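Participant: Next up, target-v1.cif (mmCIF, C-alpha atoms).
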data_query
#
loop_
_atom_site.label_atom_id
_atom_site.label_comp_id
_atom_site.auth_asym_id
_atom_site.auth_seq_id
_atom_site.Cartn_x
_atom_site.Cartn_y
_atom_site.Cartn_z
CA MET A 139 -16.83 20.57 -21.83
CA LYS A 140 -13.98 18.08 -21.63
CA ILE A 141 -10.38 19.22 -21.93
CA LYS A 142 -7.51 16.79 -22.58
CA VAL A 143 -4.60 18.06 -20.52
CA VAL A 144 -1.88 15.39 -20.00
CA SER A 145 0.27 17.58 -17.80
CA ASN A 146 2.95 16.21 -15.49
CA ILE A 147 2.03 17.23 -11.95
CA LEU A 148 5.70 17.64 -11.05
CA LYS A 149 6.60 19.66 -14.15
CA ALA A 150 7.06 22.88 -12.17
CA ASN A 151 9.65 21.10 -10.02
CA ASP A 152 11.26 19.35 -13.00
CA SER A 153 11.72 22.54 -15.00
CA ILE A 154 13.48 24.32 -12.13
CA ALA A 155 15.58 21.17 -11.61
CA GLU A 156 16.72 21.51 -15.24
CA GLU A 157 17.73 25.14 -14.57
CA ASN A 158 19.74 23.99 -11.55
CA ARG A 159 21.33 21.25 -13.65
CA GLY A 160 22.41 23.87 -16.21
CA LEU A 161 24.03 25.95 -13.49
CA PHE A 162 25.82 22.90 -12.05
CA LYS A 163 27.12 21.97 -15.51
CA GLU A 164 28.38 25.50 -16.20
CA ASN A 165 30.44 25.16 -13.05
CA GLY A 166 31.71 21.68 -13.97
CA LEU A 167 30.17 20.20 -10.81
CA PHE A 168 29.35 16.58 -10.10
CA VAL A 169 26.22 16.60 -7.90
CA ILE A 170 25.03 13.82 -5.59
CA ASN A 171 21.60 13.90 -3.90
CA LEU A 172 21.93 11.91 -0.64
CA ILE A 173 18.70 10.26 0.48
CA SER A 174 17.92 8.07 3.49
CA SER A 175 15.64 7.74 6.47
CA PRO A 176 16.50 9.84 9.55
CA GLY A 177 19.55 8.50 11.36
CA ALA A 178 20.88 6.22 8.61
CA GLY A 179 24.10 8.21 8.47
CA LYS A 180 23.93 10.83 5.71
CA THR A 181 25.80 13.45 7.72
CA SER A 182 28.22 10.89 9.15
CA LEU A 183 29.01 9.67 5.64
CA LEU A 184 29.79 13.25 4.59
CA GLU A 185 31.92 13.85 7.69
CA LYS A 186 34.03 10.83 6.71
CA THR A 187 33.97 11.30 2.95
CA ILE A 188 34.89 14.98 2.78
CA PRO A 189 38.32 14.71 4.50
CA LEU A 190 39.17 11.60 2.44
CA LEU A 191 38.41 13.33 -0.85
CA SER A 192 39.61 16.81 -0.05
CA SER A 193 42.89 16.50 1.86
CA PRO A 194 45.81 17.15 -0.46
CA PRO A 195 48.17 14.20 -1.18
CA SER A 196 50.95 16.13 0.59
CA LYS A 197 48.97 15.78 3.81
CA GLY A 198 48.42 12.07 3.38
CA GLY A 199 45.20 12.33 1.37
CA LYS A 200 44.84 9.48 -1.11
CA TRP A 201 42.62 11.22 -3.62
CA GLY A 202 43.49 14.75 -2.81
CA GLY A 203 42.53 18.29 -3.46
CA ILE A 204 38.89 17.77 -4.44
CA SER A 205 36.88 20.80 -3.43
CA ILE A 206 33.52 19.92 -1.89
CA GLY A 207 30.36 21.87 -1.21
CA VAL A 208 27.35 20.69 0.78
CA ILE A 209 23.74 21.83 0.80
CA GLU A 210 22.17 20.58 4.02
CA GLY A 211 18.42 20.01 4.07
CA ASP A 212 16.59 19.66 7.37
CA ILE A 213 13.16 20.47 8.68
CA ALA A 214 14.73 22.52 11.48
CA THR A 215 18.07 23.43 13.13
CA THR A 216 21.54 24.08 11.70
CA ARG A 217 23.05 21.10 13.54
CA ASP A 218 24.09 19.23 10.39
CA ALA A 219 25.59 22.31 8.73
CA GLU A 220 27.64 22.92 11.90
CA ARG A 221 28.99 19.36 11.74
CA ILE A 222 29.88 19.75 8.06
CA GLU A 223 31.51 23.15 8.60
CA LYS A 224 34.11 21.47 10.81
CA THR A 225 35.33 19.42 7.83
CA GLY A 226 36.25 22.62 6.00
CA ALA A 227 33.70 22.10 3.20
CA ARG A 228 31.64 25.04 1.95
CA VAL A 229 28.16 24.51 3.40
CA ILE A 230 24.72 26.09 3.43
CA GLN A 231 21.72 24.96 5.48
CA ILE A 232 18.17 24.89 4.13
CA ASN A 233 15.39 24.61 6.72
CA THR A 234 12.23 23.32 5.08
CA ASN A 235 10.07 24.28 8.11
CA GLY A 236 8.03 21.12 7.95
CA ALA A 237 8.34 19.97 4.35
CA CYS A 238 9.41 16.34 4.12
CA HIS A 239 11.76 16.74 1.15
CA LEU A 240 13.88 19.31 -0.66
CA ASP A 241 12.47 20.60 -3.93
CA SER A 242 14.26 22.20 -6.86
CA ASN A 243 13.05 25.69 -5.97
CA MET A 244 14.61 25.48 -2.48
CA ILE A 245 17.90 24.54 -4.15
CA ARG A 246 17.63 27.38 -6.67
CA THR A 247 16.97 29.87 -3.87
CA SER A 248 19.85 28.60 -1.74
CA LEU A 249 22.25 28.92 -4.68
CA ARG A 250 21.83 32.73 -4.56
CA ASP A 251 23.81 32.69 -1.30
CA PHE A 252 26.08 29.81 -2.15
CA PRO A 253 28.85 30.41 -4.69
CA LEU A 254 29.65 27.33 -6.80
CA ASN A 255 32.90 28.60 -8.26
CA GLY A 256 35.92 26.47 -7.45
CA LEU A 257 33.88 23.48 -6.29
CA ASP A 258 34.32 20.02 -7.85
CA ILE A 259 31.62 18.01 -6.11
CA LEU A 260 28.37 19.15 -4.52
CA PHE A 261 26.54 16.90 -2.07
CA ILE A 262 22.91 17.73 -1.37
CA GLU A 263 21.83 16.10 1.88
CA ASN A 264 18.07 15.67 1.62
CA VAL A 265 15.59 15.64 4.50
CA GLY A 266 15.57 12.24 6.23
CA ASN A 267 12.83 10.37 4.36
CA LEU A 268 12.83 7.37 2.02
CA VAL A 269 9.59 8.26 0.21
CA CYS A 270 9.11 11.84 -0.95
CA PRO A 271 12.63 12.83 -2.04
CA ALA A 272 12.48 10.13 -4.75
CA ASN A 273 9.88 12.17 -6.63
CA PHE A 274 11.58 15.55 -6.53
CA ASN A 275 14.53 15.99 -8.86
CA LEU A 276 16.85 18.75 -7.76
CA GLY A 277 19.11 18.86 -10.82
CA GLU A 278 21.56 16.29 -9.47
CA ASP A 279 23.66 13.86 -11.54
CA VAL A 280 22.95 10.89 -9.28
CA LYS A 281 20.79 9.97 -6.34
CA ALA A 282 22.54 7.96 -3.63
CA VAL A 283 20.46 6.07 -1.09
CA ILE A 284 21.86 5.14 2.32
CA LEU A 285 20.34 2.26 4.26
CA SER A 286 21.71 1.37 7.68
CA ILE A 287 21.48 -2.28 8.68
CA THR A 288 19.69 -1.43 11.93
CA GLU A 289 16.67 -0.34 9.85
CA GLY A 290 16.15 -3.92 8.68
CA ASP A 291 16.69 -5.84 5.48
CA ASP A 292 13.05 -5.51 4.36
CA LYS A 293 13.38 -1.84 3.38
CA PRO A 294 14.23 -1.99 -0.36
CA LYS A 295 10.95 -3.72 -1.22
CA LYS A 296 9.03 -1.42 1.12
CA TYR A 297 10.44 1.71 -0.51
CA PRO A 298 11.02 0.58 -4.11
CA GLY A 299 10.76 4.07 -5.63
CA ILE A 300 14.02 5.39 -4.25
CA PHE A 301 15.89 2.12 -4.85
CA ARG A 302 14.85 2.26 -8.53
CA GLU A 303 15.83 5.94 -8.89
CA ALA A 304 19.19 5.71 -7.14
CA ARG A 305 22.49 4.99 -8.88
CA VAL A 306 24.21 3.91 -5.71
CA LEU A 307 23.29 2.19 -2.45
CA ILE A 308 25.45 2.64 0.63
CA ILE A 309 24.76 0.08 3.33
CA ASN A 310 25.92 1.80 6.52
CA LYS A 311 26.64 0.60 10.07
CA ALA A 312 28.08 -2.66 8.73
CA ASP A 313 30.08 -2.95 11.99
CA LEU A 314 26.81 -3.57 13.88
CA LEU A 315 25.93 -6.67 11.85
CA PRO A 316 26.69 -9.16 14.66
CA TYR A 317 24.12 -7.42 16.88
CA THR A 318 21.21 -7.52 14.45
CA ASP A 319 19.18 -10.06 12.47
CA CYS A 320 19.76 -8.11 9.28
CA SER A 321 20.89 -9.99 6.17
CA ILE A 322 23.09 -7.88 3.90
CA ASP A 323 22.64 -10.55 1.21
CA LYS A 324 18.87 -9.97 1.30
CA ILE A 325 19.31 -6.19 1.04
CA LYS A 326 21.57 -6.68 -1.97
CA LYS A 327 19.39 -9.29 -3.65
CA GLU A 328 16.15 -7.33 -3.29
CA SER A 329 17.73 -3.99 -4.21
CA LEU A 330 19.16 -5.51 -7.37
CA GLU A 331 15.77 -6.99 -8.26
CA ILE A 332 14.43 -3.44 -8.24
CA ASN A 333 17.48 -1.90 -9.90
CA PRO A 334 20.11 -4.20 -11.46
CA ASP A 335 22.40 -1.22 -12.20
CA LEU A 336 22.74 -0.20 -8.56
CA ASN A 337 26.33 0.17 -7.29
CA ILE A 338 26.42 -1.15 -3.73
CA PHE A 339 28.94 -0.29 -1.01
CA GLU A 340 29.02 -1.72 2.49
CA VAL A 341 30.51 0.77 4.89
CA SER A 342 30.80 1.70 8.51
CA CYS A 343 31.14 5.42 9.07
CA ARG A 344 32.10 4.61 12.65
CA SER A 345 35.01 2.27 11.89
CA GLY A 346 35.84 3.66 8.45
CA GLU A 347 35.45 0.22 6.85
CA GLY A 348 34.52 0.31 3.16
CA LEU A 349 34.87 4.05 2.73
CA ASP A 350 37.85 3.67 0.36
CA ARG A 351 35.74 1.89 -2.25
CA TRP A 352 32.97 4.47 -1.98
CA CYS A 353 35.41 7.37 -2.33
CA ASN A 354 37.05 5.70 -5.34
CA TRP A 355 33.64 5.43 -6.96
CA VAL A 356 32.79 9.08 -6.27
CA LYS A 357 36.10 10.21 -7.71
CA ALA A 358 35.71 8.04 -10.83
CA GLN A 359 32.16 9.32 -11.36
CA LYS A 360 33.32 12.89 -10.93
CA LYS A 361 35.86 12.38 -13.72
CA THR A 362 33.28 10.80 -16.03
CA TYR A 363 30.67 13.49 -15.44
CA SER A 364 33.12 16.39 -15.73
CA ALA A 365 34.36 14.99 -19.06
CA THR A 366 30.77 14.63 -20.31
CA ASN A 367 29.84 18.12 -19.16
CA LEU A 368 32.84 19.66 -20.90
CA HIS A 369 31.94 17.97 -24.19
CA GLU A 370 28.34 19.16 -24.14
CA MET B 90 3.11 14.42 3.23
CA HIS B 91 4.36 15.61 -0.15
CA GLU B 92 0.80 14.95 -1.33
CA LEU B 93 -0.10 18.46 -0.16
CA SER B 94 2.29 20.09 -2.64
CA ILE B 95 1.27 17.58 -5.31
CA VAL B 96 -2.40 18.50 -4.86
CA GLN B 97 -1.50 22.20 -5.01
CA ASN B 98 0.23 21.50 -8.34
CA ILE B 99 -2.86 19.60 -9.56
CA LEU B 100 -5.08 22.57 -8.74
CA ASP B 101 -2.64 25.03 -10.35
CA ILE B 102 -2.61 22.99 -13.57
CA ALA B 103 -6.39 22.52 -13.58
CA GLU B 104 -7.15 26.19 -12.92
CA SER B 105 -4.73 27.40 -15.56
CA GLU B 106 -6.11 24.98 -18.19
CA ALA B 107 -9.68 25.90 -17.30
CA ARG B 108 -8.95 29.64 -17.65
CA LYS B 109 -7.25 29.05 -21.00
CA ASN B 110 -10.55 27.57 -22.12
CA ASN B 111 -12.60 30.44 -20.62
CA ALA B 112 -14.24 28.12 -18.09
CA THR B 113 -15.49 29.42 -14.76
CA LYS B 114 -16.08 26.13 -13.02
CA ILE B 115 -14.22 22.82 -12.85
CA ILE B 116 -16.49 19.79 -12.52
CA LYS B 117 -14.09 16.88 -12.79
CA ILE B 118 -10.33 16.44 -12.68
CA GLY B 119 -9.03 13.19 -14.11
CA LEU B 120 -5.64 12.03 -12.85
CA LYS B 121 -3.42 9.16 -13.88
CA ILE B 122 -1.43 7.84 -10.94
CA GLY B 123 1.02 5.00 -11.41
CA GLU B 124 1.58 2.14 -9.00
CA MET B 125 5.20 3.31 -8.51
CA SER B 126 4.51 7.05 -8.41
CA GLY B 127 5.14 7.15 -4.67
CA VAL B 128 1.95 8.96 -3.70
CA VAL B 129 -0.77 7.83 -1.36
CA ILE B 130 -4.21 8.05 -2.97
CA ASP B 131 -6.03 8.56 0.35
CA SER B 132 -3.80 11.54 1.11
CA ILE B 133 -4.39 12.97 -2.37
CA ASN B 134 -8.15 12.80 -1.82
CA PHE B 135 -7.88 14.27 1.67
CA CYS B 136 -5.63 17.17 0.60
CA PHE B 137 -7.84 17.82 -2.43
CA GLU B 138 -10.93 18.29 -0.26
CA THR B 139 -9.03 20.80 1.87
CA LEU B 140 -7.26 22.80 -0.85
CA LYS B 141 -10.05 23.06 -3.40
CA THR B 142 -12.38 25.16 -1.21
CA ASN B 143 -11.41 28.64 -2.39
CA THR B 144 -10.86 27.78 -6.03
CA ILE B 145 -12.99 27.34 -9.15
CA ALA B 146 -12.65 23.62 -8.44
CA ARG B 147 -14.53 23.91 -5.14
CA ASP B 148 -17.27 21.55 -6.36
CA ALA B 149 -14.99 19.37 -8.46
CA GLU B 150 -14.69 15.64 -8.20
CA LEU B 151 -11.35 13.87 -8.46
CA LEU B 152 -11.28 10.81 -10.74
CA ILE B 153 -8.17 8.72 -10.30
CA ASP B 154 -7.04 6.17 -12.86
CA HIS B 155 -4.58 3.75 -11.24
CA VAL B 156 -1.92 2.62 -13.68
CA PRO B 157 -0.25 -0.74 -13.02
CA LEU B 158 3.51 -1.15 -13.17
CA THR B 159 4.48 -2.74 -16.51
CA GLY B 160 7.79 -3.17 -18.27
CA LYS B 161 9.30 -4.08 -21.60
CA CYS B 162 12.25 -6.45 -21.78
CA LYS B 163 15.09 -4.87 -23.74
CA ASN B 164 16.43 -8.32 -24.57
CA CYS B 165 13.41 -10.21 -25.96
CA GLY B 166 10.96 -7.34 -26.34
CA SER B 167 8.10 -8.86 -24.36
CA ASN B 168 5.78 -6.67 -22.30
CA PHE B 169 4.70 -7.80 -18.86
CA GLN B 170 3.34 -6.67 -15.52
CA ILE B 171 6.04 -6.15 -12.90
CA LYS B 172 5.02 -7.87 -9.70
CA ASN B 173 6.55 -7.42 -6.26
CA TYR B 174 9.00 -4.91 -7.79
CA ILE B 175 11.04 -7.67 -9.42
CA PHE B 176 12.39 -6.12 -12.60
CA ARG B 177 13.09 -9.38 -14.41
CA CYS B 178 11.55 -10.61 -17.67
CA ASP B 179 9.13 -13.47 -17.11
CA THR B 180 9.89 -14.79 -20.61
CA CYS B 181 13.69 -14.74 -20.97
CA ASN B 182 14.76 -13.88 -17.39
CA ASP B 183 16.80 -10.84 -18.51
CA ASN B 184 16.94 -7.92 -16.05
CA ASN B 185 17.31 -5.08 -18.52
CA ILE B 186 13.77 -3.78 -18.15
CA GLU B 187 12.37 -0.48 -19.28
CA ILE B 188 9.37 0.83 -17.33
CA ILE B 189 6.43 1.29 -19.72
CA SER B 190 3.82 2.38 -17.20
CA GLY B 191 3.38 2.79 -13.49
CA LYS B 192 5.32 6.02 -12.84
CA GLU B 193 2.54 8.33 -14.08
CA LEU B 194 1.69 11.35 -12.04
CA PHE B 195 -0.30 13.62 -14.29
CA VAL B 196 -3.49 15.52 -14.84
CA ASP B 197 -5.06 13.68 -17.74
CA GLU B 198 -8.27 15.56 -18.44
CA LEU B 199 -10.73 18.08 -17.07
CA GLU B 200 -14.43 18.62 -17.31
CA VAL B 201 -15.34 22.30 -17.06
CA GLU B 202 -18.21 24.71 -17.58
#
Is it possible to give me this structure as structure tokens?
Facilitator:
Amino acid sequence: MKIKVVSNILKANDSIAEENRGLFKENGLFVINLISSPGAGKTSLLEKTIPLLSSPPSKGGKWGGISIGVIEGDIATTRDAERIEKTGARVIQINTNGACHLDSNMIRTSLRDFPLNGLDILFIENVGNLVCPANFNLGEDVKAVILSITEGDDKPKKYPGIFREARVLIINKADLLPYTDCSIDKIKKESLEINPDLNIFEVSCRSGEGLDRWCNWVKAQKKTYSATNLHE
Amino acid sequence: MHELSIVQNILDIAESEARKNNATKIIKIGLKIGEMSGVVIDSINFCFETLKTNTIARDAELLIDHVPLTGKCKNCGSNFQIKNYIFRCDTCNDNNIEIISGKELFVDELEVE
């Protein structure tokens, strides 16, 4: 006997992701899923971004007073969560014990021990991997992909899935450009061929270059999404 | 290696559909897998052989239909195959392209007894 099924293999993940999305919306959160290969600078970007967005204007912060939470995903160790804790952000570590990506159920489980009240923006730092996280929605508003120039300018076409899914591309380690053969123009051209709507920022987490523009974008998106969420 | 969890999902779907239809044995599982679905077919086959052993799909065969990446231009309406991941219309050169196929990752049909 033949049975016509037509069932999305990832539907179990997608339906929990929708539950997470509902919870994020109830709390008025703007949620960014940060995806990159290992060592591209996800944690470094957060270490630089959090103080810029969260320090109050009275203390010299430009944007000021934005309350940030971070869910850290790693196969093992709490090293990243320890780094984030120093910024003052609310943080929880998920250890996937081998799994190459976060899935929506891991996020749902972690939220039992992670209060969302009072937060404005939630960053979810995925496991370092340019392939699998593209398939697993977590309930985020946007996916952000980080590519560091030392990885090479051929990566967008080699990993098209994530570059198509992402709303924003952060090209990190821009200060190292003179020491590599990487062409930022090629990264931009080929990324935009895959996804013409991609917002691209060149930054160096080491020197701080370009982080202003990125933070402005995050803040503007936060406003847009919060307004949309309130109307729904 | 997210193929392992994907194959587990495939087996969960197949077993639940088979039971709904009072079947005791799954003979074939037909999948549709798009060019841009991000999974490796060899890994799917490998994981399937490992995970199926203690299930009612232990003798089942996996039939995979590969779906090419195609798009529809939102400007001129033409349909075309997207090559080399260049999302640009080959008729009018516009880049506002909707993906029509190529992201599939689903269990399409089953053959059961």
Participant: Which chain A residues have any atom within 12 Å of an atom of chain B, and for each, what is the nearest pair of atoms with distance in Å to one decimal, counting only C-alpha atoms, rows sorted by chain and number, as a Markdown table?
Facilitator:
| residue | atom | partner | partner_atom | distance |
| --- | --- | --- | --- | --- |
| A:Met139 | CA | B:Val201 | CA | 5.3 |
| A:Lys140 | CA | B:Glu200 | CA | 4.4 |
| A:Ile141 | CA | B:Leu199 | CA | 5.0 |
| A:Lys142 | CA | B:Glu198 | CA | 4.4 |
| A:Val143 | CA | B:Glu198 | CA | 4.9 |
| A:Val144 | CA | B:Asp197 | CA | 4.3 |
| A:Ser145 | CA | B:Val196 | CA | 5.2 |
| A:Asn146 | CA | B:Phe195 | CA | 4.3 |
| A:Ile147 | CA | B:Phe195 | CA | 4.9 |
| A:Leu148 | CA | B:Asn98 | CA | 7.2 |
| A:Lys149 | CA | B:Asn98 | CA | 8.8 |
| A:Ala150 | CA | B:Asn98 | CA | 8.0 |
| A:Asn151 | CA | B:Asn98 | CA | 9.6 |
| A:Gly236 | CA | B:Met90 | CA | 9.6 |
| A:Ala237 | CA | B:His91 | CA | 7.4 |
| A:Cys238 | CA | B:Met90 | CA | 6.6 |
| A:His239 | CA | B:His91 | CA | 7.6 |
| A:Leu240 | CA | B:His91 | CA | 10.2 |
| A:Asp241 | CA | B:His91 | CA | 10.2 |
| A:Asn267 | CA | B:Met90 | CA | 10.6 |
| A:Leu268 | CA | B:Gly127 | CA | 10.2 |
| A:Val269 | CA | B:Gly127 | CA | 6.7 |
| A:Cys270 | CA | B:His91 | CA | 6.1 |
| A:Pro271 | CA | B:His91 | CA | 8.9 |
| A:Ala272 | CA | B:Gly127 | CA | 7.9 |
| A:Asn273 | CA | B:Gly127 | CA | 7.2 |
| A:Phe274 | CA | B:His91 | CA | 9.6 |
| A:Pro294 | CA | B:Tyr174 | CA | 9.5 |
| A:Lys295 | CA | B:Tyr174 | CA | 7.0 |
| A:Lys296 | CA | B:Tyr174 | CA | 9.6 |
| A:Tyr297 | CA | B:Gly127 | CA | 8.7 |
| A:Pro298 | CA | B:Tyr174 | CA | 6.9 |
| A:Gly299 | CA | B:Met125 | CA | 6.3 |
| A:Ile300 | CA | B:Gly127 | CA | 9.1 |
| A:Phe301 | CA | B:Tyr174 | CA | 10.3 |
| A:Arg302 | CA | B:Tyr174 | CA | 9.3 |
| A:Glu303 | CA | B:Met125 | CA | 11.0 |
| A:Lys327 | CA | B:Ile175 | CA | 10.3 |
| A:Glu328 | CA | B:Ile175 | CA | 8.0 |
| A:Ser329 | CA | B:Ile175 | CA | 9.2 |
| A:Leu330 | CA | B:Phe176 | CA | 8.6 |
| A:Glu331 | CA | B:Ile175 | CA | 4.9 |
| A:Ile332 | CA | B:Phe176 | CA | 5.5 |
| A:Asn333 | CA | B:Phe176 | CA | 7.1 |
| A:Pro334 | CA | B:Asn184 | CA | 6.7 |
| A:Asp335 | CA | B:Asn185 | CA | 9.0 |
Participant: Just say which residues the PyMOL selection byres ((chain A and resi 171) around 12) picks in this file, as a JSON list (two decimals) with C-alpha atoms, in the frame of the given file.
Facilitator:
[["chain", "number", "residue", "atom", "x", "y", "z"],
["A", 168, "PHE", "CA", 29.35, 16.58, -10.10],
["A", 169, "VAL", "CA", 26.22, 16.60, -7.90],
["A", 170, "ILE", "CA", 25.03, 13.82, -5.59],
["A", 172, "LEU", "CA", 21.93, 11.91, -0.64],
["A", 173, "ILE", "CA", 18.70, 10.26, 0.48],
["A", 174, "SER", "CA", 17.92, 8.07, 3.49],
["A", 180, "LYS", "CA", 23.93, 10.83, 5.71],
["A", 184, "LEU", "CA", 29.79, 13.25, 4.59],
["A", 208, "VAL", "CA", 27.35, 20.69, 0.78],
["A", 209, "ILE", "CA", 23.74, 21.83, 0.80],
["A", 210, "GLU", "CA", 22.17, 20.58, 4.02],
["A", 211, "GLY", "CA", 18.42, 20.01, 4.07],
["A", 239, "HIS", "CA", 11.76, 16.74, 1.15],
["A", 240, "LEU", "CA", 13.88, 19.31, -0.66],
["A", 241, "ASP", "CA", 12.47, 20.60, -3.93],
["A", 242, "SER", "CA", 14.26, 22.20, -6.86],
["A", 245, "ILE", "CA", 17.90, 24.54, -4.15],
["A", 259, "ILE", "CA", 31.62, 18.01, -6.11],
["A", 260, "LEU", "CA", 28.37, 19.15, -4.52],
["A", 261, "PHE", "CA", 26.54, 16.90, -2.07],
["A", 262, "ILE", "CA", 22.91, 17.73, -1.37],
["A", 263, "GLU", "CA", 21.83, 16.10, 1.88],
["A", 264, "ASN", "CA", 18.07, 15.67, 1.62],
["A", 265, "VAL", "CA", 15.59, 15.64, 4.50],
["A", 266, "GLY", "CA", 15.57, 12.24, 6.23],
["A", 271, "PRO", "CA", 12.63, 12.83, -2.04],
["A", 272, "ALA", "CA", 12.48, 10.13, -4.75],
["A", 274, "PHE", "CA", 11.58, 15.55, -6.53],
["A", 275, "ASN", "CA", 14.53, 15.99, -8.86],
["A", 276, "LEU", "CA", 16.85, 18.75, -7.76],
["A", 277, "GLY", "CA", 19.11, 18.86, -10.82],
["A", 278, "GLU", "CA", 21.56, 16.29, -9.47],
["A", 279, "ASP", "CA", 23.66, 13.86, -11.54],
["A", 280, "VAL", "CA", 22.95, 10.89, -9.28],
["A", 281, "LYS", "CA", 20.79, 9.97, -6.34],
["A", 282, "ALA", "CA", 22.54, 7.96, -3.63],
["A", 283, "VAL", "CA", 20.46, 6.07, -1.09],
["A", 284, "ILE", "CA", 21.86, 5.14, 2.32],
["A", 300, "ILE", "CA", 14.02, 5.39, -4.25],
["A", 303, "GLU", "CA", 15.83, 5.94, -8.89],
["A", 304, "ALA", "CA", 19.19, 5.71, -7.14],
["A", 305, "ARG", "CA", 22.49, 4.99, -8.88],
["A", 306, "VAL", "CA", 24.21, 3.91, -5.71],
["A", 307, "LEU", "CA", 23.29, 2.19, -2.45]]
Participant: What is the atom CA of A:Ser364 to atom CA of A:Gly203 distance in Å?
Facilitator: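 Separation of atom CA of A:Ser364 and atom CA of A:Gly203: 15.6 Å.
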Participant: Enter the distance from atom CA of B:Glu150 to atom CA of B:Glu138, in Å, rounded to one decimal.
Facilitator: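 A separation of 9.2 Å between them.
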Participant: Let me make sure I understand: among B:Lys172, B:Lys109, B:Cys181, B:Ile130, which one has the smallest atom-to-atom distance to B:Asp154 if we use only C-alpha atoms?
Facilitator: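 Closest candidate: B:Ile130.
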Participant: Give me the residues within 9 Å of A:Thr225 as a list in words, counting all atoms listed in the file and dropping any in the same chain fewer than 3 places off.
Facilitator: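 After dropping sequence-adjacent residues, the list is Leu184, Glu185, Lys186, Ile188, Pro189, Arg221, Ile222 and Arg228 of chain A.
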Participant: Report as a PyMOL selection string the full result of the PyMOL selection byres ((chain A and resi 363) around 12) when it is applied to this structure.
Facilitator: chain A and resi 162-163+165-170+258-259+278-280+356-362+364-370
Participant: So what do you get for atom CA of A:Ala214 versus atom CA of A:Ile232, distance-wise?
Facilitator: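 Result for atom CA of A:Ala214 versus atom CA of A:Ile232: 8.5 Å, one decimal.
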Participant: Identify, on the basis of only C-alpha atoms, every residue whose closest approach to A:Asp251 does not exceed 12 Å; exclude the query and any residue fewer than 2 positions from it along the same chain; express the result as a short mmCIF file (atom, residue, chain, number, x, y, z; two decimals) with C-alpha atoms, in the coordinates of the input.
Facilitator:
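Here's the written file result.cif:
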data_model
loop_
_atom_site.label_atom_id
_atom_site.label_comp_id
_atom_site.auth_asym_id
_atom_site.auth_seq_id
_atom_site.Cartn_x
_atom_site.Cartn_y
_atom_site.Cartn_z
CA ILE A 209 23.74 21.83 0.80
CA ARG A 228 31.64 25.04 1.95
CA VAL A 229 28.16 24.51 3.40
CA ILE A 230 24.72 26.09 3.43
CA GLN A 231 21.72 24.96 5.48
CA ILE A 232 18.17 24.89 4.13
CA MET A 244 14.61 25.48 -2.48
CA ILE A 245 17.90 24.54 -4.15
CA ARG A 246 17.63 27.38 -6.67
CA THR A 247 16.97 29.87 -3.87
CA SER A 248 19.85 28.60 -1.74
CA LEU A 249 22.25 28.92 -4.68
CA PRO A 253 28.85 30.41 -4.69
CA LEU A 254 29.65 27.33 -6.80
#
Participant: Check what the PyMOL selection byres ((chain A and resi 311-324) around 10) selects in the file above and give those residues as an MDAnalysis selection string.
Facilitator: chainID A and resid 178:179 285:292 294 308:310 325:330 340:348
Participant: Reconstruct stretch 92-99 of chain B at the level of N, CA, C and O atoms, and format the result as a compact mmCIF listing (two decimals), in the frame of the given file.
Facilitator:
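Okay, this is what ended up in result-v3.txt:
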# COMPACT_ATOMS: atom_id res chain seq x y z
N GLU B 92 2.07 14.90 -0.60
CA GLU B 92 0.80 14.95 -1.33
C GLU B 92 0.19 16.36 -1.32
O GLU B 92 -0.46 16.75 -2.27
N LEU B 93 0.45 17.11 -0.23
CA LEU B 93 -0.10 18.46 -0.16
C LEU B 93 0.43 19.32 -1.31
O LEU B 93 -0.33 20.00 -2.00
N SER B 94 1.75 19.28 -1.54
CA SER B 94 2.29 20.09 -2.64
C SER B 94 1.88 19.51 -3.99
O SER B 94 1.70 20.24 -4.95
N ILE B 95 1.71 18.20 -4.05
CA ILE B 95 1.27 17.58 -5.31
C ILE B 95 -0.16 18.04 -5.64
O ILE B 95 -0.46 18.40 -6.78
N VAL B 96 -1.03 18.06 -4.63
CA VAL B 96 -2.40 18.50 -4.86
C VAL B 96 -2.44 19.98 -5.24
O VAL B 96 -3.20 20.40 -6.11
N GLN B 97 -1.56 20.78 -4.62
CA GLN B 97 -1.50 22.20 -5.01
C GLN B 97 -1.13 22.32 -6.48
O GLN B 97 -1.71 23.12 -7.23
N ASN B 98 -0.15 21.50 -6.92
CA ASN B 98 0.23 21.50 -8.34
C ASN B 98 -0.94 21.07 -9.23
O ASN B 98 -1.14 21.63 -10.31
N ILE B 99 -1.71 20.08 -8.78
CA ILE B 99 -2.86 19.60 -9.56
C ILE B 99 -3.85 20.76 -9.76
O ILE B 99 -4.32 21.02 -10.86
